[in-house]
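Worksheet: one structure, shown below.
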Amino acid sequence: MSEKVKILLAEDDTSLGTVLSNYLKAKSFDVTLCVDGEIALQRFKEQLFDFIILDVMMPVKDGFAVAKEIRKTDAEIPILFLTAKSMKEDKLAGFDAGGDDYLTKPFAMEELLARINAILKRTYKEGKKETTFRIGDIGYDYLQQTIDINGQKTKLTTKENELFYLLIKNQDEILDRNDALKHVWGDDNYFNGRSMDVYITKLRKYLSTSGQVEIMNVHGKGFRLLKKS
């Protein structure tokens, strides 16, 4: 892992959160600390992370609720719960919510680190999540939210960026319409579907100056980003 692993940490106890954040940063992790579940969920939607640590008992939105929301759009990112509860039923609830592990307070920092590393060994893919791409005559930067065609850059809105990221990650394959709606809009209802069609039209307009890449409709299924032959 040549680049720092990015951890999203949600802990409403500010003292403990700061201690955990500083410890993990000292161990060469890149940590974003949030004080409640709602903020954590917002950060997850805005940035790319490699690992998530959630306190279970948090104001606004608890750790289980946050995990369930995350699992609607990302089935792979590791999630570790922190909690003062040690009953079997609580642990089972954590796994049902999509957690990979469950650490009961109080715990030693060394145990937290060991569990993080053990999960990463099982789940971390070679070469972190890609954020820059090249397909045909198009350059795309997820973090900068830009499409570059022959030196002409277009700045994307957040939803345009998330939608194009899904397209380019699934290039040459079908991006399921409902999966895209749930990931970008959080719901696959009719009105969001109409909104996504507008965004697809906008993305096609941005790609109109490309002689090599296009977005194709796959009737009844979704979309496909293709490099023209």
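Ligands are numbered from 1 in the order shown, residues from 1 within each chain, and chains are lettered A, B, ... in the order they appear in the structure tokens.
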Do a neighbour search on Lys25 in chain A at 12 Å with only C-alpha atoms, toss out local chain neighbours closer than 4 positions, and write the hits as a PyMOL selection string.
chain A and resi 4-9+18-21+29-33+113
When you look at Thr131 in chain A with a cut-off of 12 Å (counting only C-alpha atoms), what residues show up, excluding the ones that are within fewer than 3 positions of it in the same chain? I need them as a PyMOL selection string.
chain A and resi 47-49+127-128+134+139-146+161-162+164-166+168-169
Output C-alpha atoms of each residue in that selection to a file, as a tab-separated table (two decimals), in the first residue's frame.
chain	number	residue	atom	x	y	z
A	47	GLN	CA	-14.99	11.84	-0.73
A	48	LEU	CA	-13.40	8.48	-1.44
A	49	PHE	CA	-12.45	6.39	1.59
A	127	GLY	CA	-3.56	-0.32	-6.14
A	128	LYS	CA	-5.98	1.93	-4.26
A	134	ARG	CA	-7.86	7.79	-19.48
A	139	GLY	CA	-8.95	12.33	-19.37
A	140	TYR	CA	-11.06	12.23	-16.21
A	141	ASP	CA	-10.17	13.31	-12.66
A	142	TYR	CA	-12.70	12.25	-10.03
A	143	LEU	CA	-11.28	14.38	-7.21
A	144	GLN	CA	-10.99	17.51	-9.36
A	145	GLN	CA	-14.39	16.73	-10.98
A	146	THR	CA	-13.09	17.45	-14.47
A	161	ASN	CA	-19.20	13.68	-11.34
A	162	GLU	CA	-20.65	10.76	-9.37
A	164	PHE	CA	-19.62	9.77	-14.74
A	165	TYR	CA	-17.42	8.00	-12.18
A	166	LEU	CA	-19.84	5.06	-12.20
A	168	ILE	CA	-16.09	5.08	-16.35
A	169	LYS	CA	-15.58	2.48	-13.61
Write out as a PyMOL selection string all residues of range 75-166 of chain A that DSSP puts in strand (DSSP E or B) for this structure's backbone.
chain A and resi 79-83+101-104+132-135+138-141+146-149+152-155
Write to file, as a PDB file, in the first residue's frame, the residues of the selection just made, with N, CA and C atoms.
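Saved as out13.pdb:
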ATOM      1  N   ILE A  79     -16.116  -1.855   7.170  1.00  0.00           N
ATOM      2  CA  ILE A  79     -16.731  -1.079   8.244  1.00  0.00           C
ATOM      3  C   ILE A  79     -16.458  -1.761   9.575  1.00  0.00           C
ATOM      4  N   LEU A  80     -15.889  -1.016  10.512  1.00  0.00           N
ATOM      5  CA  LEU A  80     -15.605  -1.503  11.864  1.00  0.00           C
ATOM      6  C   LEU A  80     -16.431  -0.690  12.852  1.00  0.00           C
ATOM      7  N   PHE A  81     -17.216  -1.370  13.695  1.00  0.00           N
ATOM      8  CA  PHE A  81     -18.023  -0.688  14.707  1.00  0.00           C
ATOM      9  C   PHE A  81     -17.271  -0.597  16.031  1.00  0.00           C
ATOM     10  N   LEU A  82     -17.444   0.550  16.714  1.00  0.00           N
ATOM     11  CA  LEU A  82     -16.955   0.743  18.079  1.00  0.00           C
ATOM     12  C   LEU A  82     -18.168   0.919  18.977  1.00  0.00           C
ATOM     13  N   THR A  83     -18.220   0.206  20.101  1.00  0.00           N
ATOM     14  CA  THR A  83     -19.385   0.332  20.965  1.00  0.00           C
ATOM     15  C   THR A  83     -19.081  -0.078  22.395  1.00  0.00           C
ATOM     16  N   ASP A 101     -16.405  -5.969  11.379  1.00  0.00           N
ATOM     17  CA  ASP A 101     -15.884  -6.321  12.701  1.00  0.00           C
ATOM     18  C   ASP A 101     -16.517  -5.407  13.736  1.00  0.00           C
ATOM     19  N   TYR A 102     -16.319  -5.779  15.003  1.00  0.00           N
ATOM     20  CA  TYR A 102     -17.028  -5.135  16.118  1.00  0.00           C
ATOM     21  C   TYR A 102     -16.076  -5.089  17.304  1.00  0.00           C
ATOM     22  N   LEU A 103     -15.714  -3.893  17.741  1.00  0.00           N
ATOM     23  CA  LEU A 103     -14.758  -3.740  18.833  1.00  0.00           C
ATOM     24  C   LEU A 103     -15.439  -3.081  20.022  1.00  0.00           C
ATOM     25  N   THR A 104     -15.396  -3.762  21.178  1.00  0.00           N
ATOM     26  CA  THR A 104     -16.086  -3.281  22.377  1.00  0.00           C
ATOM     27  C   THR A 104     -15.182  -2.384  23.215  1.00  0.00           C
ATOM     28  N   THR A 132      -8.064   8.890 -11.232  1.00  0.00           N
ATOM     29  CA  THR A 132      -7.806   9.476 -12.544  1.00  0.00           C
ATOM     30  C   THR A 132      -7.884   8.375 -13.600  1.00  0.00           C
ATOM     31  N   PHE A 133      -8.442   8.720 -14.760  1.00  0.00           N
ATOM     32  CA  PHE A 133      -8.679   7.722 -15.795  1.00  0.00           C
ATOM     33  C   PHE A 133      -8.358   8.315 -17.162  1.00  0.00           C
ATOM     34  N   ARG A 134      -8.045   7.414 -18.088  1.00  0.00           N
ATOM     35  CA  ARG A 134      -7.863   7.787 -19.484  1.00  0.00           C
ATOM     36  C   ARG A 134      -8.578   6.760 -20.342  1.00  0.00           C
ATOM     37  N   ILE A 135      -9.516   7.230 -21.158  1.00  0.00           N
ATOM     38  CA  ILE A 135     -10.201   6.367 -22.096  1.00  0.00           C
ATOM     39  C   ILE A 135     -10.302   7.118 -23.419  1.00  0.00           C
ATOM     40  N   ILE A 138     -10.147  11.055 -23.857  1.00  0.00           N
ATOM     41  CA  ILE A 138     -10.705  11.704 -22.665  1.00  0.00           C
ATOM     42  C   ILE A 138      -9.859  11.414 -21.432  1.00  0.00           C
ATOM     43  N   GLY A 139      -9.558  12.467 -20.679  1.00  0.00           N
ATOM     44  CA  GLY A 139      -8.951  12.335 -19.367  1.00  0.00           C
ATOM     45  C   GLY A 139      -9.992  12.713 -18.329  1.00  0.00           C
ATOM     46  N   TYR A 140     -10.050  11.956 -17.237  1.00  0.00           N
ATOM     47  CA  TYR A 140     -11.056  12.235 -16.210  1.00  0.00           C
ATOM     48  C   TYR A 140     -10.406  12.196 -14.834  1.00  0.00           C
ATOM     49  N   ASP A 141     -10.699  13.218 -14.029  1.00  0.00           N
ATOM     50  CA  ASP A 141     -10.169  13.315 -12.664  1.00  0.00           C
ATOM     51  C   ASP A 141     -11.350  13.393 -11.700  1.00  0.00           C
ATOM     52  N   THR A 146     -13.298  16.885 -13.136  1.00  0.00           N
ATOM     53  CA  THR A 146     -13.089  17.450 -14.469  1.00  0.00           C
ATOM     54  C   THR A 146     -12.985  16.368 -15.539  1.00  0.00           C
ATOM     55  N   ILE A 147     -13.514  16.690 -16.707  1.00  0.00           N
ATOM     56  CA  ILE A 147     -13.309  15.906 -17.915  1.00  0.00           C
ATOM     57  C   ILE A 147     -12.439  16.738 -18.842  1.00  0.00           C
ATOM     58  N   ASP A 148     -11.362  16.137 -19.344  1.00  0.00           N
ATOM     59  CA  ASP A 148     -10.422  16.839 -20.221  1.00  0.00           C
ATOM     60  C   ASP A 148     -10.441  16.165 -21.589  1.00  0.00           C
ATOM     61  N   ILE A 149     -10.852  16.901 -22.607  1.00  0.00           N
ATOM     62  CA  ILE A 149     -10.860  16.388 -23.973  1.00  0.00           C
ATOM     63  C   ILE A 149      -9.948  17.269 -24.817  1.00  0.00           C
ATOM     64  N   GLN A 152      -9.205  20.646 -23.373  1.00  0.00           N
ATOM     65  CA  GLN A 152     -10.351  21.460 -22.980  1.00  0.00           C
ATOM     66  C   GLN A 152     -11.041  20.813 -21.781  1.00  0.00           C
ATOM     67  N   LYS A 153     -10.953  21.480 -20.634  1.00  0.00           N
ATOM     68  CA  LYS A 153     -11.497  20.911 -19.399  1.00  0.00           C
ATOM     69  C   LYS A 153     -12.919  21.392 -19.122  1.00  0.00           C
ATOM     70  N   THR A 154     -13.743  20.457 -18.677  1.00  0.00           N
ATOM     71  CA  THR A 154     -15.103  20.774 -18.252  1.00  0.00           C
ATOM     72  C   THR A 154     -15.242  20.421 -16.781  1.00  0.00           C
ATOM     73  N   LYS A 155     -15.687  21.381 -15.978  1.00  0.00           N
ATOM     74  CA  LYS A 155     -15.902  21.149 -14.547  1.00  0.00           C
ATOM     75  C   LYS A 155     -17.291  20.549 -14.348  1.00  0.00           C
TER      76      LYS A 155
END
Counting only C-alpha atoms, the option among A:Gln171, A:Lys72, A:Tyr190, A:Met196 closest to Ile215 in chain A
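Closest candidate: A:Gln171.
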Spatial neighbours of Asp62 in chain A, 12 Å, only C-alpha atoms, chain gap at least 3 places, as a PyMOL selection string
chain A and resi 10-12+35-41+54-59+65-69+81-83+94+97
Could you name the residues that touch Gly193 in chain A at 9 Å or less, counting only C-alpha atoms, but leaving out those on the same chain fewer than 4 positions away, as a ChimeraX atom specification?
/A:177-178,181,187-189,197-198
How would the residues just chosen look if you wrote them out with N, CA and C atoms as an mmCIF file, in the first residue's frame?
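File written: selection-v6.cif
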data_model
loop_
_atom_site.group_PDB
_atom_site.id
_atom_site.type_symbol
_atom_site.label_atom_id
_atom_site.label_comp_id
_atom_site.auth_asym_id
_atom_site.auth_seq_id
_atom_site.Cartn_x
_atom_site.Cartn_y
_atom_site.Cartn_z
ATOM 1 N N ARG A 177 -29.309 0.887 -14.403
ATOM 2 C CA ARG A 177 -30.008 2.157 -14.166
ATOM 3 C C ARG A 177 -30.396 2.331 -12.698
ATOM 4 N N ASN A 178 -30.990 1.305 -12.099
ATOM 5 C CA ASN A 178 -31.430 1.410 -10.710
ATOM 6 C C ASN A 178 -30.260 1.518 -9.743
ATOM 7 N N LEU A 181 -29.066 5.088 -9.858
ATOM 8 C CA LEU A 181 -29.995 5.973 -9.143
ATOM 9 C C LEU A 181 -29.802 5.886 -7.636
ATOM 10 N N ASP A 187 -32.303 6.951 -4.225
ATOM 11 C CA ASP A 187 -33.612 6.333 -4.429
ATOM 12 C C ASP A 187 -33.847 6.195 -5.940
ATOM 13 N N ASP A 188 -34.450 5.054 -6.336
ATOM 14 C CA ASP A 188 -34.657 4.827 -7.765
ATOM 15 C C ASP A 188 -36.087 5.128 -8.211
ATOM 16 N N ASN A 189 -36.703 6.149 -7.583
ATOM 17 C CA ASN A 189 -38.080 6.478 -7.959
ATOM 18 C C ASN A 189 -38.147 7.175 -9.328
ATOM 19 N N ASP A 197 -31.854 11.136 -16.381
ATOM 20 C CA ASP A 197 -31.860 11.236 -17.836
ATOM 21 C C ASP A 197 -31.354 12.602 -18.292
ATOM 22 N N VAL A 198 -31.702 13.629 -17.529
ATOM 23 C CA VAL A 198 -31.223 14.986 -17.848
ATOM 24 C C VAL A 198 -29.706 15.047 -17.692
#
Counting only C-alpha atoms, which residue out of A:Lys45, A:Ala118, A:Asp74, A:Tyr206 sits closest to Trp185 in chain A?
A:Lys45
